[in-house]
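To start, the structure under review is shown below, and the notes come after it.
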Number of protein chains: 2
Amino acid sequence: MEATLITVGDEILIGQVVDTNSAWMGQELNLRGIKVKEIITISDTSEAIIETLKSVFENSDLILMTGGLGPTKDDITKKSIATYFGVEMELHEPTYEWIRRFLEKLQRTPTEAHKEQCFMPVNATLLHNKMGSAPGMWFDEKDKVLISMPGVPYEMKSIMEEEVFPRLKDRFVSKPIVHKTILTIGEGETRIAAKIENFENALPENLKLAYLPNLGMVRLRLSATGDNEQLLNDLLDSKVQELQALIPDFIFGYGNETIQEAVGKLFIEKNKTIGTAESCTGGYIAHLITRVSGASSYFMGGVTPYSNAMKQKMLNVKTTTLNTFGAVSEETVIEMVNGSLDLLETDIALAVSGIAGPGGGTSEKPVGTIWLAIGDKNNIKTVKLQLGKDRLKNIQYTSIAALNMMRKFLLNGGVNK
Amino acid sequence: MEATLITVGDEILIGQVVDTNSAWMGQELNLRGIKVKEIITISDTSEAIIETLKSVFENSDLILMTGGLGPTKDDITKKSIATYFGVEMELHEPTYEWIRRFLEKLQRTPTEAHKEQCFMPVNATLLHNKMGSAPGMWFDEKDKVLISMPGVPYEMKSIMEEEVFPRLKDRFVSKPIVHKTILTIGEGETRIAAKIENFENALPENLKLAYLPNLGMVRLRLSATGDNEQLLNDLLDSKVQELQALIPDFIFGYGNETIQEAVGKLFIEKNKTIGTAESCTGGYIAHLITRVSGASSYFMGGVTPYSNAMKQKMLNVKTTTLNTFGAVSEETVIEMVNGSLDLLETDIALAVSGIAGPGGGTSEKPVGTIWLAIGDKNNIKTVKLQLGKDRLKNIQYTSIAALNMMRKFLLNGGVNK
C-alpha cells in the first residue's frame with residue numbers, strides 16, 4: 001500500500017515555510033502500514049494542481065493533499081479538484097451552518113468569503129474539521145482515493161486523526177504492522193546503541209529497530225511485520241521487557257507519552273507537589289509542566305526572576321552569594337531552591353540559572369553554562385550543563401534535563417544515578 | 001526560468017528527517033530570479049530516481065537533486081544518473097587524490113568504499129565539495145541542466161554557494177523576482193481579505209498576494225516579477241505603503257521577524273519594563289518574551305501562580321474577589337496586574353487567568369474562557385477571549401494575544417483600538 005503526498009503552496013517553494021506536514025504524515029502513515037512513495041510540492045495554481053493530479057493518479061492508489069483550502073483568493077485547490085473530476089460545485093448547507101456557529105462563538109458573523117468556502121465539489125465526502133472553518137474532502141475515484149485537507153498543521157492533524165485514519169483502516173486492508181515505541185531520556189543515541197548492541201544483533205528478521213533522537217531524548221521504535229497481529233504484539237512485548245532489563249534508568253515511558261506527562265503521573269503517584277524558579281529558561285519548564293491537563297494537582301506555581309533584584313526579592317538569594325559566585329552558580333541555584341520551597345510551599349522545588357546565549361558568556365562561564373538544582377527540605381542535588389550557543393535549543397534542552405531531574409528525584413531521591 | 005528540486009531519501013518519506021534543504025534552496029534560488037516550480041521527494045531506489053528524471057526532464061530546464069551521494073550502500077543516485085544518461089562510470093583521479101588528502105588530515109586512509117565514490121558518470125562536470133568527500137555533479141543535456149549534490153545540508157550549501165550559483169548566473173539569464181512579507185496580528189485571514197479587497201483586486205498582473213495564516217497572525221506575501229529589480233522593489237514598497245494605510249493597526253513587522261521580537265524592540269524604544277503573571281498560560285508568555293536575546297533589558301520577571309493560594313500570596317489577590325468572581329474573572333486579572341506591578345516593580349504588567357481545558361469548564365465559564373489584563377499604575381485594560389477546547393492551542397493563542405496587547409499598550413496605551 002503506497003501513498004503520494006501533495007503539498008500545495010508557493011510559501012514552501014520559495015522556502016518561507018518548511019514542510020513539516022509531510023514529515024508528520026509520513027510518520028503516521030508508516031505506523032499504519034502505508035508507505036509514502038513520493039512527496040510533491042507544487043505551486044498554488046490551478047494548472048499545477050490539475051497537471052499533478054493527472055500524473056499522480058496514474059501511479060498512486062492513495063493521494064493526500066494539503067494546502068489551499070482557506071477562505072481567501074489564493075486558495076484554489078478545491079476548484080481545481082472539481083475541474084479535474086469535471087464536476088460542479090454546490091453550497092454545502094451543513095458546513096455553512098457549522099461555520100456560522102463556529103464564528104458565533106468568536107462573536108463574529110460569516111462574510112461572503114466564508115460562504116464561498118462552503119461550496120464543495122459535488123463528489124466530495126466532507127471530513128469534519130473541528131479546529132477550523134475549512135473541512136477536508138474525500139474523493140473516491142474507481143479504486144483510488146484522493147484526500148484534500150487545509151495546510152494549517154493543527155487542522156490537518158485533527159482531520160487526519162479524527163476522520164482520515166479510521167476511514168483508511170476500513171478501506172485499505174494491509175499486512176499487519178505493529179509498532180512499540182520505547183521512550184528514553186538522559187543518554188545519547190550512540191551510548192544507548194552500545195548498551196543494547198547484543199539485543200539489536202539478535203533481533204529476528206521481521207523486527208526492525210529505529211533510533212529517533214530528539215533533544216536529550218531518544219525514542220526506540222520496534223516495528224514488526226507478519227501475518228498474525230496477536231503474535232506480533234506478544235513478540236514486541238517480550239522485546240520491550242528485554243530492553244527494560246538492559247536500560248531501566250533511561251526508559252520513562254512508551255508510545256506518545258511526553259516526559260512532562262510521565263513526570264506528572266509520578267508526582268500524582270508519589271503525592272508530591274512541585275514549584276519552579278527559572279532564570280535562563282524563562283518559564284519554559286513551567287510551560288512544559290502545565291501543558292499537561294491536570295497539572296494543577298501537583299504544580300503550585302513558578303517564578304521567573306529574570307533580574308538579580310528579583311532573585312533576591314522573590315527567593316531571598318543573598319547579595320553576597322550573587323556577588324561572590326554570580327547568578328550562574330551552584331550556590332545561587334541552591335539558594336533559589338530554598339527560596340522557592342519557602343515561597344511556593346511545595347514538597348519539591350527546582351531552580352535553574354544559566355547563560356542561554358548567544359551573548360553574555362565569559363571565558364570562565366561561556367555561553368551554554370547552566371546550573372540546575374532540585375530538592376526538598378532535607379536534600380538538594382545539583383547538575384551543571386555545558387551546552388552550545390543556540391539560545392532556543394539551550395532553553396529546550398535544559399528544560400528536558402530539568403524534567404528528568406524531577407523524574408529521578410521522585411524515583412530515588414537522587415539525580416546522579 | 002523555473003527549476004525542479006528532487007530530494008532523494010527514505011528518511012524524509014518516513015518523516016524521520018524534515019526536508020530543510022529544499023526550503024533553503026527555494027529561498028536562495030528565488031533571490032537569484034529562479035523560481036522553483038516543484039519539489040519532489042523520492043525513495044533512494046534506482047527505479048524511483050530514473051523514473052523521476054525521465055518525467056522531470058520533460059518539463060524543467062533546471063533540475064537540482066540532493067541526497068544519495070555518500071559512501072554507504074544506500075547511495076545510488078550517481079549510478080542511477082549514469083543509467084538514465086546511458087553512460088559509463090570511470091575513476092576520476094583528481095577526486096580520488098582529493099579524498100586521499102581529505103582523509104589524511106583526519107589521519108585516516110581511503111577504503112574501497114571511498115574509491116568507489118570516485119567513479120563518476122563520464123558526462124559529469126564535477127563540482128568541488130570543500131566540506132566533504134563526495135563532489136557534486138553538473139550535467140548538460142541539450143539546453144537543460146541537472147545538478148546532483150550530497151544531502152548533508154552544509155555540504156550542499158557549500159557546493160551551491162561556491163560552484164552552482166556562479167555557473168547558474170552565467171548560464172541562465174532570468175527575470176528578477178522580488179518578495180515582501182508583511183506580518184499582521186489580531187485579525188483573521190477573512191477579515192483582512194475583506195479590508196484589503198479593493199487593493200487586492202487592483203494589483204497589477206505581475207504582482208501576487210498570498211495569505212499565510214498561523215495562530216492569531218497572518219503573513220501577507222507580495223511577489224513581483226518583471227525585468228527591472230529596482231522597479232519591482234519600488235513597486236512593492238509602494239504597495240506595502242498602501243497596505244500600511246489600509247490596516248495600520250494589524251501590521252507589526254516585516255520579513256522573518258517574530259511578534260516577540262517586534263514587541264521587544266518596542267519595549268526598548270519606549271524604554272518600558274514588563275512583568276507577567278500567568279495562570280492558565282503557565283509561563284508560556286514569559287518563555288516567548290525570553291526567547292529573544294536581550295530580553296533581560298525589559299523583562300524583569302514573571303510569576304506563574306497556578307493555585308488560588310499563590311495568587312493571594314504572591315499577588316495579593318483578595319479572598320473576596322476569588323470567592324465572589326472566581327479565579328477566571330476580570331476582577332481577578334485586574335488585581336493580578338496590580339499585584340505584579342508591586343511585586344515585579346515594572347512599568348507595565350500583564351496578567352492572564354483562564355480555563356485552558358480540556359477539562360474544568362462550567363456552563364457559565366466554558367473551557368476556553370480566558371481573561372487578560374494589561375496595565376500600568378494609571379490605566380488597566382482587559383480582554384476576554386472565548387477559545388476552543390485544545391489546551392495547547394489555547395495556551396499558544398492566548399500568549400500571542402498577550403503579546404499583541406503589549407504591542408498596543410506600548411503604541412497607544414490601549415488594547416481595543
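Residues in the C-alpha cells are numbered from 1 in each chain, the chains being A, B, ... in the order shown, and ligands are numbered from 1 in the order shown.
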
Within 12 Å of B:Leu103 using only C-alpha atoms, minus same-chain residues under 5 positions, as a compact mmCIF listing (two decimals) with all heavy atoms, in the first residue's frame:
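Resulting contents of selection39.txt:
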# COMPACT_ATOMS: atom_id res chain seq x y z
N TYR B 96 39.83 11.25 -6.39
CA TYR B 96 40.43 10.25 -5.51
C TYR B 96 41.59 10.86 -4.72
O TYR B 96 41.74 10.64 -3.52
CB TYR B 96 40.90 9.04 -6.30
CG TYR B 96 41.30 7.88 -5.41
CD1 TYR B 96 40.42 7.38 -4.45
CD2 TYR B 96 42.56 7.29 -5.52
CE1 TYR B 96 40.78 6.33 -3.63
CE2 TYR B 96 42.94 6.23 -4.69
CZ TYR B 96 42.03 5.76 -3.74
OH TYR B 96 42.38 4.73 -2.92
N GLU B 97 42.36 11.67 -5.42
CA GLU B 97 43.50 12.34 -4.80
C GLU B 97 43.01 13.30 -3.70
O GLU B 97 43.57 13.38 -2.61
CB GLU B 97 44.30 13.09 -5.89
CG GLU B 97 45.53 13.82 -5.41
CD GLU B 97 46.52 12.92 -4.67
OE1 GLU B 97 46.51 11.69 -4.91
OE2 GLU B 97 47.29 13.45 -3.84
N TRP B 98 41.96 14.03 -4.00
CA TRP B 98 41.37 14.98 -3.06
C TRP B 98 40.89 14.26 -1.80
O TRP B 98 41.13 14.67 -0.67
CB TRP B 98 40.25 15.75 -3.74
CG TRP B 98 39.21 16.31 -2.80
CD1 TRP B 98 37.94 15.84 -2.64
CD2 TRP B 98 39.34 17.41 -1.90
NE1 TRP B 98 37.28 16.59 -1.69
CE2 TRP B 98 38.12 17.56 -1.21
CE3 TRP B 98 40.39 18.29 -1.58
CZ2 TRP B 98 37.89 18.53 -0.25
CZ3 TRP B 98 40.16 19.26 -0.62
CH2 TRP B 98 38.93 19.38 0.04
N ARG B 108 43.20 9.32 8.49
CA ARG B 108 42.57 8.08 8.02
C ARG B 108 43.06 7.78 6.60
O ARG B 108 43.56 8.65 5.91
CB ARG B 108 41.04 8.23 8.01
CG ARG B 108 40.46 8.34 9.41
CD ARG B 108 39.05 8.87 9.40
NE ARG B 108 38.15 8.06 8.58
CZ ARG B 108 36.88 8.38 8.34
NH1 ARG B 108 36.37 9.49 8.82
NH2 ARG B 108 36.13 7.60 7.60
N THR B 109 42.90 6.54 6.19
CA THR B 109 43.25 6.18 4.82
C THR B 109 41.98 5.77 4.06
O THR B 109 41.03 5.29 4.68
CB THR B 109 44.26 5.01 4.78
OG1 THR B 109 43.75 3.97 5.62
CG2 THR B 109 45.63 5.44 5.29
N PRO B 110 41.99 5.96 2.74
CA PRO B 110 40.78 5.65 1.96
C PRO B 110 40.44 4.15 2.02
O PRO B 110 41.33 3.31 2.00
CB PRO B 110 41.14 6.05 0.53
CG PRO B 110 42.40 6.82 0.62
CD PRO B 110 43.08 6.44 1.88
N THR B 111 39.17 3.83 2.07
CA THR B 111 38.71 2.45 1.99
C THR B 111 38.26 2.17 0.56
O THR B 111 38.25 3.07 -0.28
CB THR B 111 37.51 2.22 2.92
OG1 THR B 111 36.45 3.08 2.48
CG2 THR B 111 37.85 2.56 4.37
N HIS B 114 35.49 4.41 -0.35
CA HIS B 114 35.91 5.73 -0.79
C HIS B 114 36.31 5.73 -2.25
O HIS B 114 36.02 6.67 -3.00
CB HIS B 114 37.08 6.23 0.07
CG HIS B 114 36.69 6.66 1.44
ND1 HIS B 114 37.12 6.02 2.58
CD2 HIS B 114 35.87 7.65 1.87
CE1 HIS B 114 36.60 6.61 3.64
NE2 HIS B 114 35.84 7.60 3.24
N MET B 131 33.56 20.78 1.90
CA MET B 131 33.11 20.38 3.24
C MET B 131 33.01 18.86 3.41
O MET B 131 32.67 18.39 4.50
CB MET B 131 31.73 20.98 3.53
CG MET B 131 31.63 22.47 3.35
SD MET B 131 32.70 23.37 4.50
CE MET B 131 31.60 23.45 5.92
N GLY B 132 33.24 18.10 2.35
CA GLY B 132 33.08 16.66 2.50
C GLY B 132 33.73 15.92 1.35
O GLY B 132 34.40 16.52 0.50
N SER B 133 33.56 14.61 1.33
CA SER B 133 34.31 13.80 0.37
C SER B 133 33.57 13.57 -0.95
O SER B 133 34.20 13.23 -1.94
CB SER B 133 34.67 12.46 1.01
OG SER B 133 33.51 11.77 1.39

Quote the C-alpha RMSD, in Å to one decimal, that results from superposing chain B on chain A by least squares across all C-alpha atoms in order.
5.1 Å

Between A:Trp24, A:Phe267, A:Phe139, A:Tyr254, single out the one closest to chain B, counting only C-alpha atoms.
A:Trp24

Which residues are near B:Val240? Cut-off 8 Å, only C-alpha atoms, ignore same chain within fewer than 4 positions. Put them as a PyMOL selection string.
chain B and resi 182+236+244

Could you save the residues just selected, with C-alpha atoms, as a short mmCIF file (atom, residue, chain, number, x, y, z; two decimals), in the first residue's frame?
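File part-v4.cif, as written:
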data_model
loop_
_atom_site.label_atom_id
_atom_site.label_comp_id
_atom_site.auth_asym_id
_atom_site.auth_seq_id
_atom_site.Cartn_x
_atom_site.Cartn_y
_atom_site.Cartn_z
CA ILE B 182 4.03 41.89 5.75
CA LEU B 236 6.48 46.54 -3.74
CA GLN B 244 0.05 50.20 5.87
#

Pull the strand (DSSP E) assignments for stretch 156-337 of chain B out of DSSP run on the backbone, and list those residues as a PyMOL selection string.
chain B and resi 177-185+207-214+217-225+251-254+274-278+299-305

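The nearest approach to chain B among the residues A:Lys195, A:Lys35, A:His179, A:Lys318, with only C-alpha atoms taken into account, belongs to A:Lys35.
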
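Among the candidates B:Gly301, B:Pro94, B:Gly186, B:Gly375, the residue lying nearest to B:Leu126 is B:Pro94 (atoms considered: only C-alpha atoms).
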
Separation of atom CA of A:Asp170 and atom CA of A:Ile6, in Å?
22.5 Å

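Residues surrounding A:Glu141 within 10 Å are Phe57, Asp61, Phe85, Asn123 and Leu146 of chain A [only C-alpha atoms; sequence separation below 5 positions excluded].
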
Using DSSP on the backbone, list every residue of stretch 35-240 of chain B that comes out as helix (DSSP H, G or I), and give them as a ChimeraX atom specification.
/B:46-59,77-85,93-105,112-116,153-171,189-195,197-201,229-240

Counting only C-alpha atoms, which residue out of B:Gly226, B:Gly283, B:Gly216, B:Pro248 sits closest to B:Ile400?
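Comparing B:Gly226, B:Gly283, B:Gly216, B:Pro248 against B:Ile400, the winner is B:Gly216.
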
Non-local contacts of B:Asn256 (12 Å; only C-alpha atoms; under 6 positions in same chain excluded) as a list of chain:residue names:
A:Gly15, A:Gln16, A:Val17, B:Lys180, B:Thr181, B:Ile182, B:Leu183, B:Thr184, B:Arg219, B:Leu220, B:Arg221, B:Ala262

Please save N, CA, C and O atoms of the selected residues as a compact mmCIF listing (two decimals), in the first residue's frame.
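See again.txt below for the written result:
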# COMPACT_ATOMS: atom_id res chain seq x y z
N GLY A 15 10.56 28.71 0.02
CA GLY A 15 11.35 28.44 1.21
C GLY A 15 10.97 29.27 2.42
O GLY A 15 11.72 29.36 3.38
N GLN A 16 9.78 29.88 2.38
CA GLN A 16 9.38 30.69 3.52
C GLN A 16 8.87 29.81 4.66
O GLN A 16 8.95 30.16 5.83
N VAL A 17 8.34 28.67 4.28
CA VAL A 17 7.82 27.72 5.26
C VAL A 17 8.45 26.36 4.98
O VAL A 17 8.55 25.96 3.82
N LYS B 180 8.07 40.60 -0.68
CA LYS B 180 8.00 41.32 0.60
C LYS B 180 6.95 40.61 1.44
O LYS B 180 5.86 40.30 0.94
N THR B 181 7.27 40.37 2.70
CA THR B 181 6.29 39.75 3.58
C THR B 181 5.88 40.74 4.66
O THR B 181 6.73 41.31 5.34
N ILE B 182 4.58 40.95 4.78
CA ILE B 182 4.03 41.89 5.75
C ILE B 182 3.38 41.05 6.86
O ILE B 182 2.55 40.18 6.59
N LEU B 183 3.76 41.31 8.11
CA LEU B 183 3.30 40.48 9.23
C LEU B 183 2.16 41.17 9.96
O LEU B 183 2.30 42.32 10.38
N THR B 184 1.02 40.48 10.10
CA THR B 184 -0.11 41.08 10.80
C THR B 184 -0.52 40.22 11.98
O THR B 184 -0.25 39.03 12.04
N ARG B 219 0.50 36.26 7.74
CA ARG B 219 1.55 36.90 6.95
C ARG B 219 1.00 37.14 5.55
O ARG B 219 0.37 36.27 4.97
N LEU B 220 1.23 38.34 5.03
CA LEU B 220 0.82 38.67 3.66
C LEU B 220 2.08 38.74 2.81
O LEU B 220 2.97 39.54 3.09
N ARG B 221 2.17 37.90 1.79
CA ARG B 221 3.37 37.91 0.96
C ARG B 221 3.07 38.45 -0.42
O ARG B 221 2.25 37.90 -1.14
N ALA B 262 9.35 41.89 17.70
CA ALA B 262 8.78 43.21 17.42
C ALA B 262 8.41 43.91 18.72
O ALA B 262 8.68 45.11 18.91

Using only C-alpha atoms, can you tell me which of B:Met314, B:Leu231, B:Leu168, B:Val337 comes closest to chain A?
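Ranked by minimum distance to chain A, first place goes to B:Met314.
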
Quick one, how far is atom CA of B:Tyr84 from atom CA of B:Thr7?
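Atom-to-atom, atom CA of B:Tyr84 to atom CA of B:Thr7, that is 16.8 Å.
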
For A:Gly9, which residue among A:Thr41, A:Asn21, A:Thr304, A:Gln27 is the nearest when counting only C-alpha atoms?
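Looking only at the distances to A:Gly9, the closest residue turns out to be A:Thr41.
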
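Excluding B:Lys384 itself and any same-chain residue fewer than 6 positions from it, the protein and nucleic acid residues within 9 Å of it, counting only C-alpha atoms, are B:Ser329, B:Glu330, B:Thr369, B:Ile370, B:Trp371, B:Leu372, B:Ala373.
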
One decimal place gives the atom CA of B:Gln241-atom CA of B:Leu209 separation as 14.6 Å
